[in-house]
>>> print(open('coords_4.pdb').read())   # PDB, C-alpha atoms and all ligand atoms
MODEL        1
ATOM      1  CA  MET X   1      -4.204 -48.746  46.615
ATOM      2  CA  SER X   2      -3.209 -45.120  46.880
ATOM      3  CA  ALA X   3      -5.808 -42.592  48.085
ATOM      4  CA  VAL X   4      -4.441 -39.767  45.952
ATOM      5  CA  SER X   5      -7.333 -38.026  44.195
ATOM      6  CA  ARG X   6      -6.759 -36.790  40.677
ATOM      7  CA  GLN X   7      -7.410 -33.161  39.805
ATOM      8  CA  PRO X   8      -9.826 -32.664  36.887
ATOM      9  CA  THR X   9      -8.026 -31.809  33.642
ATOM     10  CA  PRO X  10      -8.356 -28.056  33.011
ATOM     11  CA  PRO X  11     -10.049 -27.007  29.756
ATOM     12  CA  PRO X  12      -7.665 -26.069  26.935
ATOM     13  CA  THR X  13      -6.818 -22.377  26.758
ATOM     14  CA  SER X  14      -5.433 -20.447  23.824
ATOM     15  CA  VAL X  15      -1.699 -20.105  24.075
ATOM     16  CA  VAL X  16       0.665 -17.766  22.282
ATOM     17  CA  VAL X  17       3.883 -19.623  21.650
ATOM     18  CA  ALA X  18       6.887 -17.349  21.497
ATOM     19  CA  SER X  19       9.907 -18.233  19.441
ATOM     20  CA  PRO X  20      13.254 -17.734  21.211
ATOM     21  CA  SER X  21      13.707 -14.423  19.415
ATOM     22  CA  GLU X  22      10.409 -12.937  20.583
ATOM     23  CA  ARG X  23       9.549 -10.854  23.609
ATOM     24  CA  LEU X  24       5.917 -11.041  24.728
ATOM     25  CA  THR X  25       4.256  -8.065  26.376
ATOM     26  CA  GLU X  26       1.019  -7.598  28.283
ATOM     27  CA  THR X  27       1.202  -3.797  28.377
ATOM     28  CA  ASP X  28      -1.592  -1.711  26.880
ATOM     29  CA  LEU X  29       0.856   0.916  25.633
ATOM     30  CA  ILE X  30       3.517   0.168  23.038
ATOM     31  CA  TYR X  31       5.850   2.737  21.503
ATOM     32  CA  PHE X  32       8.738   3.207  19.160
ATOM     33  CA  SER X  33      11.544   5.686  19.618
ATOM     34  CA  SER X  34      14.662   6.070  17.482
ATOM     35  CA  ALA X  35      18.161   6.770  18.762
ATOM     36  CA  SER X  36      17.238  10.423  19.421
ATOM     37  CA  GLU X  37      14.800   9.099  22.064
ATOM     38  CA  ASN X  38      12.338  12.005  22.089
ATOM     39  CA  THR X  39       9.381   9.643  22.272
ATOM     40  CA  ARG X  40      11.018   7.634  25.045
ATOM     41  CA  ARG X  41      11.318  10.847  27.053
ATOM     42  CA  PHE X  42       7.612  11.466  26.548
ATOM     43  CA  ILE X  43       6.809   7.920  27.717
ATOM     44  CA  ASP X  44       9.004   8.409  30.792
ATOM     45  CA  LYS X  45       6.982  11.510  31.693
ATOM     46  CA  LEU X  46       3.718   9.567  31.392
ATOM     47  CA  GLU X  47       4.914   7.284  34.213
ATOM     48  CA  VAL X  48       3.037   4.268  32.913
ATOM     49  CA  THR X  49       4.240   0.827  31.927
ATOM     50  CA  ALA X  50       4.994   0.685  28.223
ATOM     51  CA  ALA X  51       6.863  -1.699  25.932
ATOM     52  CA  ARG X  52       9.306  -0.445  23.332
ATOM     53  CA  ILE X  53       9.431  -1.742  19.766
ATOM     54  CA  PRO X  54      13.015  -2.845  19.133
ATOM     55  CA  LEU X  55      15.292  -0.400  17.398
ATOM     56  CA  ARG X  56      17.890  -2.715  15.862
ATOM     57  CA  ARG X  57      17.393  -5.539  13.405
ATOM     58  CA  GLY X  58      18.994  -8.193  15.623
ATOM     59  CA  ASP X  59      16.904  -7.354  18.693
ATOM     60  CA  ASP X  60      14.126  -9.711  19.809
ATOM     61  CA  SER X  61      10.845  -8.807  18.144
ATOM     62  CA  LEU X  62       7.974  -7.614  20.301
ATOM     63  CA  VAL X  63       4.663  -9.496  20.398
ATOM     64  CA  ALA X  64       1.578  -7.949  22.007
ATOM     65  CA  LEU X  65      -0.676 -10.178  24.084
ATOM     66  CA  ARG X  66      -3.348  -7.603  24.910
ATOM     67  CA  PRO X  67      -5.165  -4.744  23.127
ATOM     68  CA  PHE X  68      -2.870  -1.745  23.048
ATOM     69  CA  VAL X  69      -2.422   1.848  21.908
ATOM     70  CA  LEU X  70       0.655   2.624  19.812
ATOM     71  CA  ILE X  71       2.758   5.782  20.130
ATOM     72  CA  THR X  72       5.076   6.386  17.199
ATOM     73  CA  PRO X  73       7.193   9.248  15.902
ATOM     74  CA  THR X  74       6.925  10.309  12.270
ATOM     75  CA  TYR X  75       9.809  10.099   9.820
ATOM     76  CA  GLY X  76      10.007  10.506   6.076
ATOM     77  CA  GLY X  77      10.655  14.238   6.056
ATOM     78  CA  GLY X  78       7.309  15.059   4.493
ATOM     79  CA  GLU X  79       8.121  13.181   1.296
ATOM     80  CA  GLY X  80       4.835  11.292   1.386
ATOM     81  CA  THR X  81       6.487   7.900   1.946
ATOM     82  CA  GLY X  82       8.358   6.476   4.878
ATOM     83  CA  ALA X  83       6.368   8.402   7.472
ATOM     84  CA  VAL X  84       5.926   5.236   9.552
ATOM     85  CA  PRO X  85       9.295   4.068  10.923
ATOM     86  CA  LYS X  86      10.468   0.754   9.421
ATOM     87  CA  GLN X  87      10.542  -0.873  12.844
ATOM     88  CA  VAL X  88       6.869   0.032  13.344
ATOM     89  CA  VAL X  89       6.020  -1.359   9.908
ATOM     90  CA  THR X  90       7.674  -4.654  10.841
ATOM     91  CA  PHE X  91       5.848  -4.728  14.180
ATOM     92  CA  LEU X  92       2.444  -4.089  12.566
ATOM     93  CA  ASN X  93       3.051  -6.570   9.787
ATOM     94  CA  ASP X  94       2.842  -9.284  12.444
ATOM     95  CA  PRO X  95      -0.894 -10.142  12.442
ATOM     96  CA  ARG X  96      -0.771 -10.898  16.168
ATOM     97  CA  ASN X  97       0.158  -7.262  16.810
ATOM     98  CA  ARG X  98      -1.990  -5.701  14.106
ATOM     99  CA  GLY X  99      -5.071  -7.501  15.408
ATOM    100  CA  LEU X 100      -4.688  -6.011  18.888
ATOM    101  CA  LEU X 101      -3.999  -2.408  17.847
ATOM    102  CA  GLN X 102      -6.762  -0.144  19.213
ATOM    103  CA  GLY X 103      -5.562   3.384  18.514
ATOM    104  CA  VAL X 104      -2.531   5.460  17.591
ATOM    105  CA  ILE X 105      -0.809   8.555  18.942
ATOM    106  CA  ALA X 106       1.789  10.277  16.744
ATOM    107  CA  ALA X 107       4.801  12.377  17.555
ATOM    108  CA  GLY X 108       6.393  14.744  15.091
ATOM    109  CA  ASN X 109       7.567  18.249  14.458
ATOM    110  CA  THR X 110       5.384  21.084  13.170
ATOM    111  CA  ASN X 111       8.300  22.181  10.951
ATOM    112  CA  PHE X 112       7.129  19.431   8.602
ATOM    113  CA  GLY X 113       3.854  21.252   7.930
ATOM    114  CA  ALA X 114       1.174  18.976   6.512
ATOM    115  CA  ALA X 115       3.332  15.957   7.331
ATOM    116  CA  TYR X 116       3.266  16.797  11.051
ATOM    117  CA  GLY X 117       2.493  13.510  12.846
ATOM    118  CA  LEU X 118       1.697  11.877   9.510
ATOM    119  CA  ALA X 119       2.656   8.396  10.762
ATOM    120  CA  GLY X 120      -0.461   8.445  12.949
ATOM    121  CA  ASP X 121      -2.738   9.355  10.052
ATOM    122  CA  VAL X 122      -1.255   6.608   7.863
ATOM    123  CA  ILE X 123      -1.646   3.927  10.536
ATOM    124  CA  SER X 124      -5.114   5.161  11.484
ATOM    125  CA  ALA X 125      -6.334   4.948   7.878
ATOM    126  CA  LYS X 126      -4.737   1.633   7.015
ATOM    127  CA  CYS X 127      -5.465  -0.199  10.260
ATOM    128  CA  ARG X 128      -8.818   1.491  10.788
ATOM    129  CA  VAL X 129      -8.144   2.560  14.331
ATOM    130  CA  PRO X 130      -8.657   6.047  15.782
ATOM    131  CA  MET X 131      -5.904   8.657  15.629
ATOM    132  CA  LEU X 132      -6.053   9.735  19.274
ATOM    133  CA  TYR X 133      -3.540  12.546  19.638
ATOM    134  CA  ARG X 134      -0.435  14.167  18.201
ATOM    135  CA  PHE X 135       2.352  15.987  19.954
ATOM    136  CA  GLU X 136       5.686  17.600  19.131
ATOM    137  CA  LEU X 137       9.050  16.072  20.004
ATOM    138  CA  PHE X 138       8.984  14.947  23.657
ATOM    139  CA  GLY X 139       5.698  16.717  24.472
ATOM    140  CA  THR X 140       4.728  19.547  26.795
ATOM    141  CA  PRO X 141       3.393  19.029  30.336
ATOM    142  CA  ARG X 142      -0.070  19.639  28.875
ATOM    143  CA  ASP X 143       0.478  16.896  26.276
ATOM    144  CA  VAL X 144       1.518  14.508  29.044
ATOM    145  CA  GLU X 145      -1.607  15.317  31.057
ATOM    146  CA  ARG X 146      -3.935  15.061  28.084
ATOM    147  CA  VAL X 147      -2.519  11.736  26.908
ATOM    148  CA  ARG X 148      -2.565  10.256  30.419
ATOM    149  CA  ASP X 149      -6.184  11.311  30.974
ATOM    150  CA  GLY X 150      -7.165  10.432  27.425
ATOM    151  CA  LEU X 151      -5.795   6.900  27.711
ATOM    152  CA  ASP X 152      -7.630   6.362  30.992
ATOM    153  CA  GLY X 153     -10.885   7.445  29.357
ATOM    154  CA  PHE X 154     -10.186   5.455  26.220
ATOM    155  CA  TRP X 155      -9.722   2.182  28.082
ATOM    156  CA  HIS X 156     -12.793   2.813  30.226
ATOM    157  CA  ARG X 157     -14.909   3.318  27.139
ATOM    158  CA  ALA X 158     -13.483   0.400  25.106
ATOM    159  CA  PRO X 159     -11.506  -1.946  27.330
ATOM    160  CA  ASN X 160     -11.142  -4.920  25.004
ATOM    161  CA  VAL X 161     -12.708  -4.348  21.661
ATOM    162  CA  ALA X 162     -11.590  -2.716  18.487
ATOM    163  CA  PRO X 163     -13.724   0.183  17.235
ATOM    164  CA  ASP X 164     -16.641  -0.968  15.115
ATOM    165  CA  THR X 165     -15.590  -0.115  11.589
ATOM    166  CA  PRO X 166     -17.248  -1.201   8.355
ATOM    167  CA  ALA X 167     -15.504  -4.183   6.786
ATOM    168  CA  ASP X 168     -15.864  -2.973   3.216
ATOM    169  CA  GLU X 169     -14.118   0.380   3.251
ATOM    170  CA  GLY X 170     -11.431  -0.885   0.936
ATOM    171  CA  ILE X 171      -8.490  -0.409   3.257
ATOM    172  CA  ASP X 172      -6.217  -3.406   3.311
ATOM    173  CA  LYS X 173      -6.003  -4.539   6.912
ATOM    174  CA  GLU X 174      -3.372  -7.074   5.878
ATOM    175  CA  ASP X 175      -0.952  -4.272   5.174
ATOM    176  CA  CYS X 176      -1.714  -1.474   7.558
ATOM    177  CA  SER X 177       1.622   0.175   8.035
ATOM    178  CA  ARG X 178       2.939   1.433   4.716
TER     179      ARG X 178
HETATM  180  C1  LIG E   1      15.022  12.601   9.162
HETATM  181  C2  LIG E   1      13.812  13.064   9.941
HETATM  182  C3  LIG E   1      12.587  13.135   9.313
HETATM  183  C4  LIG E   1      11.451  13.553  10.013
HETATM  184  N1  LIG E   1      10.257  13.636   9.357
HETATM  185  C5  LIG E   1       9.170  14.091  10.029
HETATM  186  C6  LIG E   1       7.915  14.231   9.357
HETATM  187  O1  LIG E   1       7.750  13.942   8.169
HETATM  188  N2  LIG E   1       6.851  14.685  10.085
HETATM  189  C7  LIG E   1       6.960  15.012  11.404
HETATM  190  O2  LIG E   1       5.972  15.413  12.008
HETATM  191  N3  LIG E   1       8.145  14.898  12.060
HETATM  192  C8  LIG E   1       9.247  14.443  11.421
HETATM  193  N4  LIG E   1      10.435  14.337  12.072
HETATM  194  C9  LIG E   1      10.520  14.698  13.509
HETATM  195  C10 LIG E   1      10.439  13.492  14.437
HETATM  196  O3  LIG E   1       9.193  12.856  14.338
HETATM  197  C11 LIG E   1      10.607  13.989  15.870
HETATM  198  O4  LIG E   1      11.899  14.514  16.022
HETATM  199  C12 LIG E   1      10.352  12.902  16.885
HETATM  200  O5  LIG E   1      10.304  13.493  18.164
HETATM  201  C13 LIG E   1      11.432  11.815  16.862
HETATM  202  O6  LIG E   1      11.144  10.891  17.869
HETATM  203  P1  LIG E   1      12.234   9.865  18.411
HETATM  204  O7  LIG E   1      13.417  10.671  18.868
HETATM  205  O8  LIG E   1      11.570   9.146  19.525
HETATM  206  O9  LIG E   1      12.575   8.966  17.280
HETATM  207  C14 LIG E   1      11.564  13.905  11.381
HETATM  208  C15 LIG E   1      12.808  13.829  12.036
HETATM  209  C16 LIG E   1      13.927  13.407  11.320
HETATM  210  C17 LIG E   1      15.254  13.334  12.031
ENDMDL
END
>>> encode(input="coords_4.pdb", output="structure tokens")
Amino acid sequence: MSAVSRQPTPPPTSVVVASPSERLTETDLIYFSSASENTRRFIDKLEVTAARIPLRRGDDSLVALRPFVLITPTYGGGEGTGAVPKQVVTFLNDPRNRGLLQGVIAAGNTNFGAAYGLAGDVISAKCRVPMLYRFELFGTPRDVERVRDGLDGFWHRAPNVAPDTPADEGIDKEDCSR
């Protein structure tokens, strides 16, 4: 008889199964940037690992595996609708992503007055996560420093948990991006 000892069966772990058209990410920073790429330039200056929400419809969709902060530009032109880019809406409509969102940072342009960085306010209200910062276009060196330091502090204070928000505030968490 063989003397091979059997390893104990490991306990079951939760597994996220990706479809062939999905890209999984373990980063704690996720961003969107349109073809003008201002936000991507800001991310480059941060010098941290970040995953980009796909720009084009046919691209693989992004699925977050860990709690993350979202950086998004604002669109909509101050019309009151469409402030959150469609690609970000699609990303947040996936409950796997929405459930891991911890905070939002918005880019924009002060030329849009009250709608400056509005995408962040919309997402913050509907997903009940803190609006952490807003900056213009691709950000100043001071913006880069403040966001880098702010994210460090944010993750030290709340590494894995969503902020404790009342469940009955009437904001529809099922639809947090429009
Ligand atoms: C058509 C259009 C509409 C925009 N609407 C807003 C707006 O409502 N509020 C705002 O703060 N910025 C607005 N912006 C400015 C963008 O948020 C800003 O240029 C941003 O840096 C774009 O980032 P991206 O190049 O990464 O996509 C708008 C820009 C365009 C082109």
>>> closest_residue(input="coords_4.pdb", among="X:Asp94, X:Asp44, X:Asp152, X:Glu37", to="ligand LIG 1 (chain E)", atoms="all atoms listed in the file")
X:Glu37
>>> closest_atom_pairs(input="coords_4.pdb", of="chain X", to="ligand LIG 1 (chain E)", cutoff="8 Å", atoms="only C-alpha atoms and all ligand atoms", output="tab-separated table")
residue	atom	partner	partner_atom	distance
X:Phe32	CA	E:LIG1	O8	6.6
X:Ser33	CA	E:LIG1	O8	3.5
X:Ser34	CA	E:LIG1	O9	3.6
X:Ala35	CA	E:LIG1	O7	6.1
X:Ser36	CA	E:LIG1	O7	3.9
X:Glu37	CA	E:LIG1	O7	3.8
X:Asn38	CA	E:LIG1	O7	3.6
X:Thr39	CA	E:LIG1	O8	3.5
X:Arg40	CA	E:LIG1	O8	5.7
X:Arg41	CA	E:LIG1	O8	7.7
X:Thr72	CA	E:LIG1	O8	7.4
X:Pro73	CA	E:LIG1	O3	4.4
X:Thr74	CA	E:LIG1	O3	4.0
X:Tyr75	CA	E:LIG1	N1	3.6
X:Gly76	CA	E:LIG1	N1	4.5
X:Gly77	CA	E:LIG1	N1	3.4
X:Gly78	CA	E:LIG1	O1	3.9
X:Glu79	CA	E:LIG1	O1	6.9
X:Gly80	CA	E:LIG1	O1	7.8
X:Ala83	CA	E:LIG1	O1	5.8
X:Ala107	CA	E:LIG1	O3	5.5
X:Gly108	CA	E:LIG1	O2	3.2
X:Asn109	CA	E:LIG1	O2	4.1
X:Thr110	CA	E:LIG1	O2	5.8
X:Asn111	CA	E:LIG1	O2	7.2
X:Phe112	CA	E:LIG1	N2	5.0
X:Gly113	CA	E:LIG1	O2	7.4
X:Ala114	CA	E:LIG1	N2	8.0
X:Ala115	CA	E:LIG1	N2	4.6
X:Tyr116	CA	E:LIG1	O2	3.2
X:Gly117	CA	E:LIG1	O2	4.1
X:Leu118	CA	E:LIG1	N2	5.9
X:Ala119	CA	E:LIG1	N2	7.6
X:Glu136	CA	E:LIG1	O5	6.3
X:Leu137	CA	E:LIG1	O5	3.4
X:Phe138	CA	E:LIG1	O5	5.8
>>> resolve_selection(input="coords_4.pdb", expression="the PyMOL selection byres (((chain X and resi 129) around 9) and not hetatm)", output="MDAnalysis selection string")
chainID X and resid 101:104 123:128 130:132 162:163 165
>>> closest_residue(input="coords_4.pdb", among="X:Gly120, X:Val63, X:Ala106, X:Leu46", to="Asn93 (chain X)", atoms="all atoms listed in the file")
X:Val63
>>> residues_around(input="coords_4.pdb", residues="Ile30 (chain X)", least_positions_apart="5", cutoff="9 Å", atoms="only C-alpha atoms", output="ChimeraX atom specification")
/X:25,49-53,64,68-72
>>> write_last_selection(input="coords_4.pdb", atoms="C-alpha atoms", output="short mmCIF file (atom, residue, chain, number, x, y, z; two decimals), in the frame of the given file")
data_model
loop_
_atom_site.label_atom_id
_atom_site.label_comp_id
_atom_site.auth_asym_id
_atom_site.auth_seq_id
_atom_site.Cartn_x
_atom_site.Cartn_y
_atom_site.Cartn_z
CA THR X 25 4.26 -8.06 26.38
CA THR X 49 4.24 0.83 31.93
CA ALA X 50 4.99 0.68 28.22
CA ALA X 51 6.86 -1.70 25.93
CA ARG X 52 9.31 -0.44 23.33
CA ILE X 53 9.43 -1.74 19.77
CA ALA X 64 1.58 -7.95 22.01
CA PHE X 68 -2.87 -1.74 23.05
CA VAL X 69 -2.42 1.85 21.91
CA LEU X 70 0.66 2.62 19.81
CA ILE X 71 2.76 5.78 20.13
CA THR X 72 5.08 6.39 17.20
#
